[in-house]
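See structure below.
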Amino acid sequence: MTVLITNIGELTTNVRSADGDPTGTLHDAAVLIDDGRIVWVGAAADAPQADETDDAGGAAVIPGFVDSHSHLVFGGDRAVEFEARMAGQKYAAGGIRSTVAATRAATDDELRARLRGFIEELRAQGTTTVEIKSGYGLSVVDEERLVRLAAEVTPEVTFLGAHVVPAEYADRGDEYVDLVTGPMLDACAPHAKWIDVFCETGAFSVEQSRRVLEAGIARGLAPRVHASQLGPGDGVRLAVELGAASIDHGTYLTDADVEALAGSDTVLTLLPGVEFSTRQPYPDARRLIDAGVTVALACDTNPGSSFTSSMPFCIAVAVRDMGMTPAEAVWAATAGGAAALRRDDVGVIAPGYRADLVLLKAPTRIHLAYRPGVPLVDQVWKDGVVVA
Ligand SMILES: [Zn+2]
């Protein structure tokens, strides 16, 4: 059955136009969907016949958000830690351990119910593709549970056993890396697509990170890296050397890091919710984009450093505080996220792509930054079906 979405006031396709505009914006446009895929895009006046027609009423339509970084399987929350931080306490990687205890104590059914609630929450805000990491189990049994549960709701599952060294391995980081690259990887690799590591002071050294990533690559997982969140380090160089799809955070980048990224296929995924929620300085997205780095935006939904699941919120912060234009921020939250996941079937509205679209209660995507905090997501289509 074909469905035509017509009378679209502003359509962001992300198909680079002849004049070099990466958003490929069309006005008075229409999109034809057949069997979950986009089959035609063009001027509403030229639209083909369809079995059903859906009138967008002149609204703006964008691709569904591709959130390439989240930690949605966990127990408990850290509201009290957030409150203390807002009263002046500094964020440190060690806080992850309190979520580990709560996650280990939760049953599969409890974690699953929570996870499904988050997926609904994301969809209602326009996210149609989400990556989910493990990293709050940190034992063979618990990491296996987390990647297995994540795989129930998304194909984009990341094994992050090397999130932080658990309390029982304190001062024995290398032994913990033996566990991660051995029995834990054996248990988790069948459920995962990606291998990730937190390469940062207080988490894992660059040597340990290399061991983790190389072990994952040897098992057929593709690398991505958390790095340069709390200070500058060698994580970016390692990520680029190993051909990682993305390095995430990148709050503290040297000129050499920026140059290495610009000359690579590695995406830099910025996570504005983290700086918002930890009161760290925002990274300068303008510097990165001007240098030719491919930038993605993601929520990093997690109970410690960024408990938002709203891509519109992240877009608003990226525009207000990181120097991105609204067009760049929307691109980064859609096509940029797809690049960070090496996906060529989402993040773009063009024939052959999945019919994942968001109708906004607004005449232009600019409103996503211009009207922060206002629920502008009107209707969400995933694989050609209205899901929110
Ligand atoms: Zn993260």
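We name chains A, B, ... following the order of the structure tokens; residues begin at 1 in each chain, and ligands are numbered from 1 as shown.
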### Task
List all protein, DNA and RNA residues that have at least one atom no more than 10 Å from any atom of ligand 1, counting only C-alpha atoms and all ligand atoms, and write them as an MDAnalysis selection string.
chainID A and resid 68:71 132:135 160 163 196:198 225:227 229 248:249 271 274 298:302 304:306
### Message
Just list as number ranges by chain whatever in segment 40-263 of chain A DSSP marks as strand (DSSP E or B).
### Response
A: 40-43, 52-55, 60-63, 65-67, 70, 127-130, 132-133, 157-162, 194-199, 204, 222-227, 246-249
Could you write those residues out with N, CA and C atoms, as a compact mmCIF listing (two decimals), in the first residue's frame?
```
# COMPACT_ATOMS: atom_id res chain seq x y z
N TRP A 40 9.50 7.95 -3.48
CA TRP A 40 9.50 9.14 -4.33
C TRP A 40 9.51 10.38 -3.42
N VAL A 41 10.26 11.43 -3.82
CA VAL A 41 10.30 12.71 -3.10
C VAL A 41 10.30 13.82 -4.15
N GLY A 42 9.47 14.84 -3.97
CA GLY A 42 9.49 15.93 -4.95
C GLY A 42 8.47 17.00 -4.62
N ALA A 43 8.15 17.82 -5.63
CA ALA A 43 7.18 18.90 -5.46
C ALA A 43 5.78 18.31 -5.31
N GLU A 52 -3.33 6.13 -0.14
CA GLU A 52 -3.77 7.00 0.95
C GLU A 52 -2.99 8.29 0.89
N THR A 53 -3.62 9.38 1.34
CA THR A 53 -2.92 10.67 1.37
C THR A 53 -3.01 11.24 2.77
N ASP A 54 -1.88 11.78 3.24
CA ASP A 54 -1.78 12.38 4.57
C ASP A 54 -1.36 13.84 4.36
N ASP A 55 -2.19 14.78 4.80
CA ASP A 55 -1.90 16.20 4.57
C ASP A 55 -1.10 16.77 5.74
N ALA A 60 6.68 21.64 8.73
CA ALA A 60 8.04 21.18 8.40
C ALA A 60 8.13 19.69 8.70
N VAL A 61 8.87 18.98 7.83
CA VAL A 61 9.12 17.55 8.01
C VAL A 61 10.63 17.33 7.94
N ILE A 62 11.13 16.53 8.86
CA ILE A 62 12.56 16.20 8.90
C ILE A 62 12.72 14.68 9.00
N PRO A 63 13.90 14.15 8.72
CA PRO A 63 14.11 12.71 8.95
C PRO A 63 13.97 12.39 10.45
N PHE A 65 15.02 11.29 14.05
CA PHE A 65 16.34 11.47 14.67
C PHE A 65 17.06 10.13 14.80
N VAL A 66 18.38 10.17 14.59
CA VAL A 66 19.23 8.99 14.77
C VAL A 66 20.12 9.28 15.97
N ASP A 67 19.75 8.72 17.11
CA ASP A 67 20.48 8.97 18.37
C ASP A 67 21.53 7.88 18.51
N SER A 70 23.51 6.09 23.54
CA SER A 70 22.68 6.07 24.74
C SER A 70 23.07 4.90 25.63
N THR A 127 12.72 10.28 17.87
CA THR A 127 13.87 9.42 17.61
C THR A 127 13.40 8.08 17.05
N THR A 128 13.88 7.72 15.86
CA THR A 128 13.44 6.48 15.21
C THR A 128 14.56 5.44 15.12
N THR A 129 15.80 5.85 15.39
CA THR A 129 16.91 4.90 15.45
C THR A 129 17.72 5.25 16.70
N VAL A 130 18.03 4.23 17.51
CA VAL A 130 18.82 4.51 18.72
C VAL A 130 19.86 3.42 18.92
N ILE A 132 22.29 1.60 21.71
CA ILE A 132 22.25 1.38 23.17
C ILE A 132 23.52 0.64 23.59
N LYS A 133 24.14 1.14 24.65
CA LYS A 133 25.37 0.53 25.18
C LYS A 133 25.09 -0.23 26.47
N VAL A 157 23.59 -2.29 18.98
CA VAL A 157 23.96 -2.63 20.36
C VAL A 157 25.48 -2.55 20.51
N THR A 158 25.91 -1.90 21.58
CA THR A 158 27.34 -1.71 21.83
C THR A 158 27.75 -2.36 23.14
N PHE A 159 28.79 -3.17 23.08
CA PHE A 159 29.36 -3.78 24.28
C PHE A 159 30.37 -2.80 24.89
N LEU A 160 30.02 -2.29 26.07
CA LEU A 160 30.86 -1.32 26.77
C LEU A 160 31.22 -1.87 28.16
N GLY A 161 31.77 -3.10 28.17
CA GLY A 161 32.24 -3.65 29.44
C GLY A 161 33.34 -2.77 30.04
N ALA A 162 34.08 -2.07 29.18
CA ALA A 162 35.14 -1.17 29.64
C ALA A 162 34.59 0.25 29.80
N TRP A 194 28.85 -3.38 18.09
CA TRP A 194 29.92 -2.42 18.34
C TRP A 194 30.69 -2.78 19.61
N ILE A 195 31.97 -2.38 19.62
CA ILE A 195 32.80 -2.43 20.84
C ILE A 195 33.18 -0.99 21.20
N ASP A 196 33.09 -0.66 22.48
CA ASP A 196 33.34 0.71 22.92
C ASP A 196 34.18 0.67 24.19
N VAL A 197 34.88 1.78 24.47
CA VAL A 197 35.68 1.89 25.70
C VAL A 197 35.68 3.35 26.12
N PHE A 198 35.73 3.56 27.45
CA PHE A 198 35.82 4.92 28.00
C PHE A 198 37.31 5.20 28.23
N CYS A 199 37.94 5.85 27.25
CA CYS A 199 39.38 6.13 27.29
C CYS A 199 39.57 7.50 27.94
N PHE A 204 39.92 4.15 31.55
CA PHE A 204 40.91 3.24 30.96
C PHE A 204 41.99 4.02 30.22
N ALA A 222 32.65 -3.63 15.51
CA ALA A 222 33.25 -2.41 14.97
C ALA A 222 33.47 -1.41 16.10
N PRO A 223 34.59 -0.66 16.05
CA PRO A 223 34.94 0.18 17.20
C PRO A 223 34.29 1.57 17.21
N ARG A 224 34.02 2.04 18.43
CA ARG A 224 33.64 3.42 18.72
C ARG A 224 34.23 3.72 20.11
N VAL A 225 34.45 4.98 20.42
CA VAL A 225 35.24 5.33 21.60
C VAL A 225 34.62 6.51 22.34
N HIS A 226 34.55 6.41 23.68
CA HIS A 226 34.27 7.57 24.54
C HIS A 226 35.64 8.20 24.86
N ALA A 227 35.85 9.46 24.55
CA ALA A 227 37.15 10.06 24.87
C ALA A 227 37.06 11.58 24.98
N SER A 246 33.03 6.38 15.30
CA SER A 246 32.78 7.64 15.99
C SER A 246 33.64 7.75 17.24
N ILE A 247 34.05 8.98 17.58
CA ILE A 247 34.52 9.25 18.92
C ILE A 247 33.49 10.17 19.55
N ASP A 248 33.13 9.86 20.77
CA ASP A 248 32.01 10.53 21.41
C ASP A 248 32.49 11.33 22.62
N HIS A 249 31.90 12.48 22.80
CA HIS A 249 32.23 13.53 23.79
C HIS A 249 33.08 14.58 23.09
```
### Query
When you draw a straight line from atom CA of Ala87 of chain A to atom CA of Val319 of chain A, how long is it in Å?
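About the pair atom CA of Ala87 of chain A and atom CA of Val319 of chain A: they are 26.1 Å apart.
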### DSSP alpha helix (DSSP H) selection over segment 140-243 of chain A, as a count of residues only
43
### Message
With distances taken over only C-alpha atoms, which residue among A:Asp383, A:Asp178, A:Asp142, A:Asp265 lies nearest Asp35 of chain A?
### Response
A:Asp383
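By chain and then residue number, the residues within 10 Å of Ser277 of chain A are A:Phe82, A:Arg85, A:Met86, A:Tyr91, A:Pro272, A:Gly273, A:Gly304, A:Ser305, A:Ser306, A:Phe307, A:Thr308, counting only C-alpha atoms and disregarding those fewer than 4 positions away in sequence.
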Store the residues picked out above, limited to N, CA and C atoms, as a short mmCIF file (atom, residue, chain, number, x, y, z; two decimals), in the first residue's frame.
```cif
data_model
loop_
_atom_site.label_atom_id
_atom_site.label_comp_id
_atom_site.auth_asym_id
_atom_site.auth_seq_id
_atom_site.Cartn_x
_atom_site.Cartn_y
_atom_site.Cartn_z
N PHE A 82 22.91 14.52 41.07
CA PHE A 82 22.70 15.69 40.21
C PHE A 82 22.47 16.93 41.07
N ARG A 85 25.65 18.09 42.48
CA ARG A 85 26.49 18.70 41.46
C ARG A 85 26.03 20.13 41.17
N MET A 86 24.73 20.32 41.13
CA MET A 86 24.22 21.67 40.89
C MET A 86 24.55 22.59 42.06
N TYR A 91 31.74 16.61 38.59
CA TYR A 91 31.42 15.28 38.05
C TYR A 91 32.71 14.48 37.91
N PRO A 272 25.54 17.34 23.95
CA PRO A 272 25.31 18.60 24.68
C PRO A 272 24.65 18.40 26.04
N GLY A 273 23.87 17.31 26.18
CA GLY A 273 23.22 17.05 27.46
C GLY A 273 24.22 16.83 28.58
N GLY A 304 23.70 9.31 35.04
CA GLY A 304 24.71 10.10 35.73
C GLY A 304 24.94 11.46 35.12
N SER A 305 25.37 11.47 33.85
CA SER A 305 25.87 12.73 33.28
C SER A 305 24.92 13.38 32.28
N SER A 306 23.81 12.71 31.90
CA SER A 306 22.91 13.33 30.92
C SER A 306 21.60 12.55 30.87
N PHE A 307 20.65 12.92 31.71
CA PHE A 307 19.41 12.13 31.76
C PHE A 307 18.30 12.78 30.94
N THR A 308 18.68 13.31 29.76
CA THR A 308 17.66 13.74 28.80
C THR A 308 17.60 12.70 27.69
#
```
### Task
Excluding Leu138 of chain A and residues on its chain fewer than 2 positions from it, collect all residues at most 12 Å away from it, counting only C-alpha atoms, and give them as JSON, numbers by chain.
{"A": [74, 96, 97, 98, 99, 100, 101, 103, 104, 134, 135, 136, 140, 141, 142, 143, 144, 145, 146, 147, 159, 160, 161, 162, 163, 164, 165, 166, 167, 168, 169, 176, 177, 179, 180, 183, 184, 185, 188]}
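Separating atom CA of Leu26 of chain A from atom CA of Asn14 of chain A is a distance of 10.1 Å.
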### Message
Using Å and a single decimal, report how far atom CA of Leu115 of chain A sits from atom CA of Trp381 of chain A.
### Response
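We find that atom CA of Trp381 of chain A and atom CA of Leu115 of chain A lie 20.4 Å from each other.
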### Query
Counting only C-alpha atoms, which of A:Ile5, A:Tyr370, A:Gly64, A:Asp321 gets nearest to Pro281 of chain A?
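The shortest atom-to-atom distance to Pro281 of chain A comes from A:Asp321.
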### Message
Would you pick out the contacts of Pro155 of chain A at 8 Å or less, using only C-alpha atoms, so that residues sharing its chain but fewer than 2 positions from it are not included, and give the list as a PyMOL selection string?
### Response
chain A and resi 131+151+153+157+192-193
Produce a file of the selected residues containing C-alpha atoms, as a PDB file, in the first residue's frame.
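Just written: again_16.pdb:
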```pdb
ATOM      1  CA  GLU A 131      22.124   2.931  19.700  1.00  0.00           C
ATOM      2  CA  ALA A 151      19.208  -6.314  21.313  1.00  0.00           C
ATOM      3  CA  VAL A 153      14.792  -3.218  20.930  1.00  0.00           C
ATOM      4  CA  VAL A 157      23.962  -2.632  20.360  1.00  0.00           C
ATOM      5  CA  ALA A 192      26.455  -6.776  19.852  1.00  0.00           C
ATOM      6  CA  LYS A 193      27.504  -4.899  16.722  1.00  0.00           C
TER       7      LYS A 193
END
```
### Message
Here is a test: counting only C-alpha atoms, which residue of A:Thr325, A:Ser310, A:Thr25, A:Thr266 is nearest to Leu376 of chain A?
### Response
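Smallest distance to Leu376 of chain A is found for A:Ser310.
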Neighbour list for Glu241 of chain A as a PDB file with C-alpha atoms, in the first residue's frame, cut-off 10 Å, only C-alpha atoms, skip fewer than 6 positions in-chain:
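Dumped to part20.pdb:
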```
ATOM      1  CA  GLY A 235      41.660   8.633  22.676  1.00  0.00           C
ATOM      2  CA  ALA A 260      43.255  13.936  12.606  1.00  0.00           C
ATOM      3  CA  SER A 264      39.403  10.599   8.659  1.00  0.00           C
ATOM      4  CA  THR A 266      35.582   8.962  12.062  1.00  0.00           C
TER       5      THR A 266
END
```
### Task
Write out as a list in words the residues lying within 10 Å of Ala318 of chain A, counting only C-alpha atoms and excluding same-chain residues fewer than 2 positions away.
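Listed by chain and then number, they are Leu270, Leu271, Pro272, Gly273, Tyr282, Pro283, Asp284, Ala285, Arg286, Leu297, Pro312, Phe313, Cys314, Ile315, Ala316, Arg320, Asp321, Met322, Gly323, Met324, Thr325, Pro326, Glu328, Ala329, Val330, Ala332 and Ala369 of chain A.
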